[in-house]
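First comes the structure, then the notes that go with it.
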Amino acid sequence: MHSPTSTRKRWLISLLTLLGLGLTLALSYWYHLEQGFARIQPLANRQLSEVINFIDGALVRYESIPHVLSTNPLLTRALEHSGNTEEIAAINRYIEEIQHVTEASDIYLLNNQGTAIAASNWQKPYSFVGQNYAFRPYFTEAIAGGLGRYYAVGTASNTRGFYFSYPVVDKGKVRGIIVVKVDISDIEAQLTGLAKAGQYELAISGNDNVIFLASMDSWRLKSLTPLTAADQQAIIQSRRYATREVSALTINPPYDAIAKPTRALYRISHDDGSEQFLDTKSSMIKAGWQVHILTPTKPLYASLPLVMLLSASVYLLLALALLFSLERRKNMLRMQQTHELLELRVKERTQALEDTNSKLQETQDELIQAAKLTVIGSLSASINHEINQPLAALRSYAQNTQTLLQRNMLDKANDNLSTIVSLADRLAEIVAQFKSFTRKSPGQDKVNSLNETLHEALTIVKPEIDKQQIHLMLVLPPQPVQFLGDKVRLQQVLVNLCSNAIVAMQQVQQRQLTISVNVADSICIQIKDSGSGVNESQMEKIFEPYFTTSQRQGLGLGLSISRRIIQSMNGSISVANAAEGGAEFNISLPLCSEE
Ligand code: ADP
């Protein structure tokens with residue numbers, strides 16, 4: 001189950017990812033088109049100048065022909081004698097020849113009324129001879145005295161042409177006009193070839209926005225702008241396009257001849273429906289033309305889905321990687337927090353354990369001390385006796401010395417005083433030993449002499465041994481033996497074992513306590529008595545705390561504490577019953593090599 005906060009978070013992440021995807025798609029769409037147009041535009045500009053240069057080159061060689069021809073006196077003569085058939089025939093042949101040489105479409109001579117009196121096509125069925133061209137602007141321009149330029153569909157030939165005209169001047173008067181017509185279908189064919197090779201379309205429109213030359217058949221003599229009835233009327237009246245009907249192309253958005261948009265994109269109808277083009281245009285002032293390079297945008301849009309798909313995939317991959325790394329970081333942080341919490345818990349627990357341990361240690365120390373004092377308590381009667389005896393002796397020696405001094409028996413008194421001093425020393429020694437034994441031991445390990453420790457322990461139990469008339473036998477190795485541990489604690493063990501042995505022998509006649517020390521792989525101390533021995537079923541139980549069969553004030557802690565003390569010295573303690581009767585306690589301690 002997810003919490004409401006995490007569900008909200010998931011929703012937010014999904015929403016952000018989707019927003020990012022949308023943004024990526026929009027950006028890749030925009031960037032791809034921008035890049036594409038930035039690539040197309042300079043190319044279209046180059047193609048445009050190429051086309052303009054080509055047209056200029058194609059027309060320029062015809063431009064000067066009328067001027068040159070106008071200076072020929074033959075023309076003036078023909079104009080003067082337009083009724084003379086011979087003169088007219090001669091001029092017809094002449095301009096026919098010039099037409100052949102220059103490869104112009106037609107050359108013809110108009111009188112100053114605009115009627116053709118001679119033409120290179122004088123023999124053709126559509127001969128211009130006799131036709132009147134006064135309505136053509138190239139006539140009015142030339143009659144005014146200058147070079148006339150015009151493009152139109154021939155009324156007789158019905159072909160599209162570009163016209164150059166020049167006045168024939170004689171004696172300062174314009175006598176007629178010489179006209180050279182260039183068929184533009186050849187130029188168009190060549191330009192169409194260029195356009196196909198460059199994968200663009202081409203259209204040339206005039207001031208009236210009617211396409212006069214195009215690489216696409218269906219565009220020819222079509223208007224770029226919608227035509228009103230008045231426009232139609234004006235076109236018909238100008239007879240520019242002869243009898244051809246001019247209609248408007250469907251262009252979306254509507255074509256604007258004046259506006260110069262940064263990127264002119266038009267969807268233009270053509271033979272196979274409609275298509276979007278980038279319009280790059282420039283004017284040819286002299287010809288009065290607008291040249292359009294129309295680059296199809298289809299290839300640019302065709303690669304768009306792939307680009308968008310690619311960028312979406314890259315975006316999703318990156319988003320996934322980001323989400324993954326965020327999740328990882330979150331998990332790592334969570335793990336780190338858990339780890340730190342765990343460490344803190346462990347520290348707290350360790351501290352608590354240490355506190356408990358030190359409390360336990362204190363309790364244990366108290367218990368050891370209590371057990372020690374219990375043993376001392378059980379031995380107190382004999383210890384009292386041990387102290388009282390020298391004290392009584394001291395008293396009697398002191399009284400005796402008084403008497404000796406009164407009798408002036410100074411030598412004897414002196415001997416008595418020496419005995420008193422040694423008795424006092426003995427008492428001090430006993431008291432010091434008890435003081436040392438009963439003090440609370442810190443439990444610190446040191447290297448100690450085993451013999452010394454044994455003797456000091458025996459000082460504690462000796463009065464009771466004597467009192468119980470026990471025969472003590474001590475079997476010690478010749479060399480000194482050392483052990484590592486707390487001296488008072490080992491003394492406590494030894495006193496405890498001896499004290500138990502004394503109790504065990506109370507009911508028997510033959511009382512023998514043997515303490516022997518052996519040193520081999522370890523130090524072995526054996527304390528053997530001649531008592532009743534340990535009940536076989538209680539062999540291990542006797543080491544358990546509070547186990548006792550004793551009727552005296554024993555707590556049942558002596559052996560369990562003794563085992564604990566020996567174990568703390570890395571040793572062991574065990575019990576067995578001797579073959580000849582009595583219990584046999586064996587202590588094993590590690591050897592100590594330190595001096
Ligand atoms: P306590 O002496 O207070 O009973 P201990 O732990 O010293 O406690 O001894 C436990 C018991 O082990 C004694 O009550 C006794 O039954 C048994 N025991 C100890 N030493 C001897 C021994 N030398 N001979 C026989 N039984 C013994």
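Labeling convention for the structure tokens: chains A, B, ... as they appear, residues from 1 per chain, ligands from 1 in order of appearance.
Shell of segment 529-536 of chain A at 8 Å, with only C-alpha atoms counted and residues fewer than 4 places along the chain excluded, is Ala501, Ile502, Ala504, Met505, Gln506, Gln507, Val508, Gln510, Arg511, Gln512, Leu513, Thr514, Ala576, Asn577, Ala578, Gly581, Gly582, Ala583 and Glu584 of chain A.
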Identify, with DSSP run on backbone atoms, the residues in segment 186-329 of chain A assigned to strand (DSSP E or B), and express the list as a PyMOL selection string.
chain A and resi 201-205+210-214+222-223+247-248+251-252+265-270+273-284+289-296
Residues within 6 Å of ligand 1 (only C-alpha atoms and all ligand atoms), as an MDAnalysis selection string?
chainID A and resid 500:501 504 533:534 542 547:550 554:560 583
As an NGL selection string, please: all residues of segment 286-491 of chain A that backbone DSSP puts in alpha helix (DSSP H).
:A and (298-302 or 304-406 or 410-438 or 450-467 or 487-491)
Quick one: residues within 8 Å of segment 239-249 of chain A, only C-alpha atoms counted, chain neighbours fewer than 4 positions away excluded, as number ranges by chain?
A: 136, 151-155, 158, 210, 219, 221-227, 232, 235, 268-269
Would you output that residue set with C-alpha atoms, as a PDB file, in the first residue's frame?
```pdb
ATOM      1  CA  ARG A 136       0.624  47.161 -77.335  1.00  0.00           C
ATOM      2  CA  TYR A 151       5.814  40.410 -72.652  1.00  0.00           C
ATOM      3  CA  ALA A 152       2.530  39.067 -73.918  1.00  0.00           C
ATOM      4  CA  VAL A 153       0.773  36.263 -75.709  1.00  0.00           C
ATOM      5  CA  GLY A 154       0.877  36.907 -79.429  1.00  0.00           C
ATOM      6  CA  THR A 155      -2.584  37.706 -80.794  1.00  0.00           C
ATOM      7  CA  ASN A 158      -0.946  32.686 -79.740  1.00  0.00           C
ATOM      8  CA  VAL A 210      -0.304  36.695 -63.336  1.00  0.00           C
ATOM      9  CA  TRP A 219       0.378  27.441 -63.006  1.00  0.00           C
ATOM     10  CA  LEU A 221      -1.290  32.157 -66.995  1.00  0.00           C
ATOM     11  CA  LYS A 222      -2.794  31.810 -63.503  1.00  0.00           C
ATOM     12  CA  SER A 223      -3.121  34.726 -61.129  1.00  0.00           C
ATOM     13  CA  LEU A 224      -1.398  34.554 -57.726  1.00  0.00           C
ATOM     14  CA  THR A 225      -4.049  36.848 -56.273  1.00  0.00           C
ATOM     15  CA  PRO A 226      -7.828  36.479 -56.526  1.00  0.00           C
ATOM     16  CA  LEU A 227      -9.269  38.274 -59.532  1.00  0.00           C
ATOM     17  CA  GLN A 232     -10.716  40.262 -65.397  1.00  0.00           C
ATOM     18  CA  ILE A 235      -6.866  41.839 -68.457  1.00  0.00           C
ATOM     19  CA  ILE A 268      -0.503  26.243 -53.645  1.00  0.00           C
ATOM     20  CA  SER A 269      -2.851  24.111 -55.736  1.00  0.00           C
TER      21      SER A 269
END
```
Residue neighbourhood Ala264 of chain A, 9 Å, only C-alpha atoms, exclusion window fewer than 3 positions, as JSON, numbers by chain
{"A": [260, 261, 277, 278, 279, 280]}
So which residues touch segment 184-192 of chain A within 7 Å, counting only C-alpha atoms, skipping near sequence neighbours fewer than 2 positions away, as a PDB file with N, CA and C atoms, in the first residue's frame?
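Written out: selection18.pdb:
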```pdb
ATOM      1  N   ARG A 160       3.601  32.726 -76.257  1.00  0.00           N
ATOM      2  CA  ARG A 160       4.082  33.726 -75.292  1.00  0.00           C
ATOM      3  C   ARG A 160       5.425  34.257 -75.762  1.00  0.00           C
ATOM      4  N   GLY A 161       5.595  35.554 -75.694  1.00  0.00           N
ATOM      5  CA  GLY A 161       6.857  36.112 -76.150  1.00  0.00           C
ATOM      6  C   GLY A 161       7.236  37.348 -75.386  1.00  0.00           C
ATOM      7  N   PHE A 162       8.512  37.665 -75.524  1.00  0.00           N
ATOM      8  CA  PHE A 162       9.001  38.909 -74.954  1.00  0.00           C
ATOM      9  C   PHE A 162       9.350  39.819 -76.127  1.00  0.00           C
ATOM     10  N   VAL A 182      10.778  37.509 -78.856  1.00  0.00           N
ATOM     11  CA  VAL A 182      11.550  36.321 -78.436  1.00  0.00           C
ATOM     12  C   VAL A 182      10.556  35.331 -77.847  1.00  0.00           C
ATOM     13  N   LEU A 194      16.280  23.250 -65.140  1.00  0.00           N
ATOM     14  CA  LEU A 194      17.077  23.690 -63.975  1.00  0.00           C
ATOM     15  C   LEU A 194      16.314  23.419 -62.683  1.00  0.00           C
ATOM     16  N   ALA A 195      15.004  23.769 -62.721  1.00  0.00           N
ATOM     17  CA  ALA A 195      14.170  23.605 -61.524  1.00  0.00           C
ATOM     18  C   ALA A 195      14.047  22.141 -61.129  1.00  0.00           C
ATOM     19  N   LYS A 196      13.843  21.283 -62.115  1.00  0.00           N
ATOM     20  CA  LYS A 196      13.693  19.851 -61.799  1.00  0.00           C
ATOM     21  C   LYS A 196      14.979  19.330 -61.174  1.00  0.00           C
ATOM     22  N   LEU A 213       5.389  32.592 -66.770  1.00  0.00           N
ATOM     23  CA  LEU A 213       6.321  31.500 -67.076  1.00  0.00           C
ATOM     24  C   LEU A 213       6.395  30.619 -65.838  1.00  0.00           C
ATOM     25  N   ALA A 214       6.260  29.291 -65.997  1.00  0.00           N
ATOM     26  CA  ALA A 214       6.256  28.419 -64.824  1.00  0.00           C
ATOM     27  C   ALA A 214       6.811  27.054 -65.160  1.00  0.00           C
ATOM     28  N   SER A 215       7.393  26.407 -64.144  1.00  0.00           N
ATOM     29  CA  SER A 215       7.908  25.046 -64.353  1.00  0.00           C
ATOM     30  C   SER A 215       6.764  24.050 -64.241  1.00  0.00           C
TER      31      SER A 215
END
```
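Rounded to one decimal, atom CA of Lys372 of chain A and atom CA of Glu386 of chain A lie 18.9 Å from each other.
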Name all residues at most 12 Å from segment 569-575 of chain A (count only C-alpha atoms; drop same-chain ones fewer than 4 positions away) and give them as a ChimeraX atom specification.
/A:443-447,483-487,489-490,493-494,497,522-529,533-536,538-543,559-565,582-592
Keeping C-alpha atoms for every residue in the selection just given, could you write it to a file as a tab-separated table (two decimals), in the first residue's frame?
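Dumped to part.tsv:
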```tsv
chain	number	residue	atom	x	y	z
A	443	GLY	CA	40.56	-8.85	41.43
A	444	GLN	CA	43.67	-7.68	39.59
A	445	ASP	CA	46.03	-10.24	38.09
A	446	LYS	CA	49.66	-10.32	39.29
A	447	VAL	CA	52.43	-12.89	39.40
A	483	PHE	CA	50.91	-18.28	39.27
A	484	LEU	CA	49.21	-15.36	37.53
A	485	GLY	CA	46.11	-14.02	39.26
A	486	ASP	CA	44.74	-12.37	42.36
A	487	LYS	CA	46.47	-13.76	45.46
A	489	ARG	CA	41.10	-14.67	45.56
A	490	LEU	CA	43.16	-17.92	45.34
A	493	VAL	CA	39.42	-20.71	47.19
A	494	LEU	CA	41.97	-22.61	49.27
A	497	LEU	CA	38.15	-25.98	50.21
A	522	SER	CA	49.99	-26.97	34.43
A	523	ILE	CA	49.98	-26.26	38.14
A	524	CYS	CA	47.92	-28.89	39.98
A	525	ILE	CA	46.77	-28.29	43.52
A	526	GLN	CA	45.05	-31.19	45.23
A	527	ILE	CA	43.13	-30.90	48.51
A	528	LYS	CA	42.17	-34.28	49.82
A	529	ASP	CA	40.35	-35.14	53.05
A	533	GLY	CA	33.24	-37.88	50.35
A	534	VAL	CA	30.68	-36.34	48.01
A	535	ASN	CA	27.51	-38.15	47.16
A	536	GLU	CA	28.02	-39.43	43.56
A	538	GLN	CA	25.77	-34.51	43.70
A	539	MET	CA	29.18	-34.40	42.03
A	540	GLU	CA	28.30	-31.51	39.66
A	541	LYS	CA	25.50	-30.03	41.73
A	542	ILE	CA	27.86	-29.01	44.53
A	543	PHE	CA	29.32	-26.34	42.21
A	559	LEU	CA	32.16	-23.84	45.57
A	560	SER	CA	30.33	-21.90	42.84
A	561	ILE	CA	32.36	-18.79	43.67
A	562	SER	CA	35.55	-20.85	43.86
A	563	ARG	CA	34.90	-22.27	40.39
A	564	ARG	CA	34.21	-18.74	39.07
A	565	ILE	CA	37.50	-17.47	40.58
A	582	GLY	CA	37.09	-38.83	51.29
A	583	ALA	CA	36.74	-36.09	48.75
A	584	GLU	CA	39.50	-34.96	46.47
A	585	PHE	CA	39.36	-31.46	44.94
A	586	ASN	CA	41.73	-30.76	42.03
A	587	ILE	CA	42.62	-27.27	40.91
A	588	SER	CA	44.47	-26.79	37.63
A	589	LEU	CA	46.09	-23.42	36.83
A	590	PRO	CA	48.09	-22.39	33.75
A	591	LEU	CA	51.85	-22.26	34.12
A	592	CYS	CA	53.30	-18.83	34.65
```
